[in-house]
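**Q** A single structure is presented below for examination.
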Amino acid sequence: MERHWNTSMRIVDFEVRKECPPQLCDCERERLLDDPQADVSILRLNLTEEKRLLAHIDGIATYAQLRKLQQRLRDNLGVELQIAPGSGEVRTVRGFQIRLLERPGLCRKTRAAIPAAVRRCLAAHPEIAFAILNENDLLGGV
């Protein structure tokens with residue numbers, strides 16, 4: 001475990017994600033580290049942990065597991081994963097709107113990788129996609 005010191009002398013007792021090249025990402029990692037009042041839990045999602053998370057998402061087989069993942073992301077990292085049917089007709093998993101809400105410290109690549117993993121999960125387990133559709137009133141009151 002590494003300790004990360006920044007300009008405000010804040011100590012973070014876990015390995016934080018390496019900073020992205022300045023022009024390629026908008027994660028505002030340094031601003032988050034410089035704010036002594038900020039919640040830095042999102043920085044626990046370093047590259048190693050992100051790979052573990054993506055592997056876990058690929059292994060999800062039920063709707064309950066997906067909902068549990070959403071709750072754990074919210075509780076442990078303060079990240080909101082939204083999964084909903086698109087505004088039009090949903091014929092494939094591409095019709096779902098899957099996104100991580102932006103927040104300081106959340107890398108652009110992560111905001112793309114996690115929804116892609118969820119989309120693969122939905123494609124591999126259509127019953128999860130049907131459960132999401134049912135939760136969002138698939139039958140429309142029929």
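Please note that chains go A, B, ... in the order of the structure tokens, that every chain numbers its residues from 1, and that ligands are numbered from 1 in the order shown.
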Applying 10 Å and only C-alpha atoms, which residues near Ala112 (chain A) remain after dropping the ones on its own chain fewer than 6 positions away? List them as a ChimeraX atom specification.

**A** /A:98-100

**Q** Which one of A:Lys109, A:His125, A:Arg67, A:Arg103 sits closest to Leu24 (chain A) if you count only C-alpha atoms?

**A**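 Of all the options, A:Lys109 lies closest to Leu24 (chain A).
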
**Q** Assign secondary structure with DSSP using the backbone only, and return the residues of region 11-140 of chain A in helix (DSSP H, G or I) as an MDAnalysis selection string.

**A** chainID A and resid 29:34 41:44 47:58 63:77 93:95 108:124 126:135

**Q** Just how far from CA of Asn134 (chain A) is CA of Tyr63 (chain A), in Å to one decimal?

**A** 11.3 Å

**Q** Using only C-alpha atoms, pick whichever of A:Gly95, A:Arg29, A:Leu53, A:Pro104 has the shortest atom-to-atom distance to Arg72 (chain A).

**A**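 Nearest to Arg72 (chain A): A:Leu53.
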
**Q** Hey, what's within 6 Å of Gln97 (chain A) if we count only C-alpha atoms and toss same-chain stuff fewer than 3 positions away? As a list in words, please?

**A**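 Residues near the query, excluding close chain neighbours: Ile83, Ala84, Pro85 and Gly86 of chain A.
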
**Q** Generate a file of the selected residues that holds N, CA and C atoms, formatted as a PDB file, in the first residue's frame.

**A**
```pdb
ATOM      1  N   ILE A  83     -28.952   2.166 -15.387  1.00  0.00           N
ATOM      2  CA  ILE A  83     -29.294   1.233 -16.460  1.00  0.00           C
ATOM      3  C   ILE A  83     -30.793   1.365 -16.689  1.00  0.00           C
ATOM      4  N   ALA A  84     -31.181   1.755 -17.885  1.00  0.00           N
ATOM      5  CA  ALA A  84     -32.597   1.930 -18.190  1.00  0.00           C
ATOM      6  C   ALA A  84     -32.824   1.701 -19.677  1.00  0.00           C
ATOM      7  N   PRO A  85     -34.040   1.296 -20.032  1.00  0.00           N
ATOM      8  CA  PRO A  85     -34.361   1.180 -21.455  1.00  0.00           C
ATOM      9  C   PRO A  85     -34.271   2.546 -22.109  1.00  0.00           C
ATOM     10  N   GLY A  86     -33.875   2.575 -23.357  1.00  0.00           N
ATOM     11  CA  GLY A  86     -33.809   3.829 -24.095  1.00  0.00           C
ATOM     12  C   GLY A  86     -35.193   4.405 -24.316  1.00  0.00           C
TER      13      GLY A  86
END
```

**Q** Taking into account only C-alpha atoms, which residue in the set A:Leu66, A:Pro22, A:Val40, A:Ala113 is nearest to Glu127 (chain A)?

**A**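 Of A:Leu66, A:Pro22, A:Val40, A:Ala113, the one nearest Glu127 (chain A), counting only C-alpha atoms, is A:Leu66.
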
**Q** Please, what distance in Å, to one decimal, runs between CA of Asp137 (chain A) and CA of Ala61 (chain A)?

**A** 21.9 Å

**Q** What's the 10 Å shell around Asp39 (chain A), counting only C-alpha atoms, without same-chain residues fewer than 3 positions away, as a PDB file with N, CA and C atoms, in the first residue's frame?

**A**
```pdb
ATOM      1  N   LEU A  32      -9.520  16.845  -6.687  1.00  0.00           N
ATOM      2  CA  LEU A  32     -10.145  16.037  -5.646  1.00  0.00           C
ATOM      3  C   LEU A  32      -9.173  15.789  -4.496  1.00  0.00           C
ATOM      4  N   LEU A  33      -7.933  15.482  -4.827  1.00  0.00           N
ATOM      5  CA  LEU A  33      -6.925  15.237  -3.791  1.00  0.00           C
ATOM      6  C   LEU A  33      -6.584  16.505  -3.016  1.00  0.00           C
ATOM      7  N   ASP A  35      -8.603  18.913  -2.204  1.00  0.00           N
ATOM      8  CA  ASP A  35      -9.708  19.368  -1.357  1.00  0.00           C
ATOM      9  C   ASP A  35      -9.769  18.491  -0.102  1.00  0.00           C
ATOM     10  N   PRO A  36      -9.447  19.048   1.071  1.00  0.00           N
ATOM     11  CA  PRO A  36      -9.431  18.238   2.294  1.00  0.00           C
ATOM     12  C   PRO A  36     -10.816  17.728   2.702  1.00  0.00           C
ATOM     13  N   ILE A  42     -13.612   7.299  -4.548  1.00  0.00           N
ATOM     14  CA  ILE A  42     -13.580   6.923  -5.957  1.00  0.00           C
ATOM     15  C   ILE A  42     -12.157   6.597  -6.415  1.00  0.00           C
ATOM     16  N   LEU A  43     -11.166   7.182  -5.764  1.00  0.00           N
ATOM     17  CA  LEU A  43      -9.776   6.943  -6.160  1.00  0.00           C
ATOM     18  C   LEU A  43      -9.296   5.543  -5.791  1.00  0.00           C
ATOM     19  N   LEU A  77     -17.921   3.420  -3.536  1.00  0.00           N
ATOM     20  CA  LEU A  77     -17.185   4.385  -4.352  1.00  0.00           C
ATOM     21  C   LEU A  77     -17.944   5.693  -4.569  1.00  0.00           C
ATOM     22  N   GLY A  78     -19.195   5.731  -4.204  1.00  0.00           N
ATOM     23  CA  GLY A  78     -19.987   6.933  -4.436  1.00  0.00           C
ATOM     24  C   GLY A  78     -20.322   7.137  -5.898  1.00  0.00           C
ATOM     25  N   PRO A 104     -16.036  13.993  -9.853  1.00  0.00           N
ATOM     26  CA  PRO A 104     -14.583  14.190  -9.802  1.00  0.00           C
ATOM     27  C   PRO A 104     -13.877  12.908  -9.370  1.00  0.00           C
ATOM     28  N   GLY A 105     -12.801  12.590 -10.063  1.00  0.00           N
ATOM     29  CA  GLY A 105     -12.009  11.403  -9.759  1.00  0.00           C
ATOM     30  C   GLY A 105     -12.359  10.188 -10.589  1.00  0.00           C
TER      31      GLY A 105
END
```

**Q** So which one's closest to Ile128 (chain A), A:Ala64, A:Ala55, A:Ala38, A:Ala116? Using only C-alpha atoms, please.

**A**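 Going through A:Ala64, A:Ala55, A:Ala38, A:Ala116 one by one, the smallest distance to Ile128 (chain A) is for A:Ala64.
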
**Q** Give the strand (DSSP E) residues of chain A, as assigned by DSSP on the backbone, as a count of residues only.

**A** 14
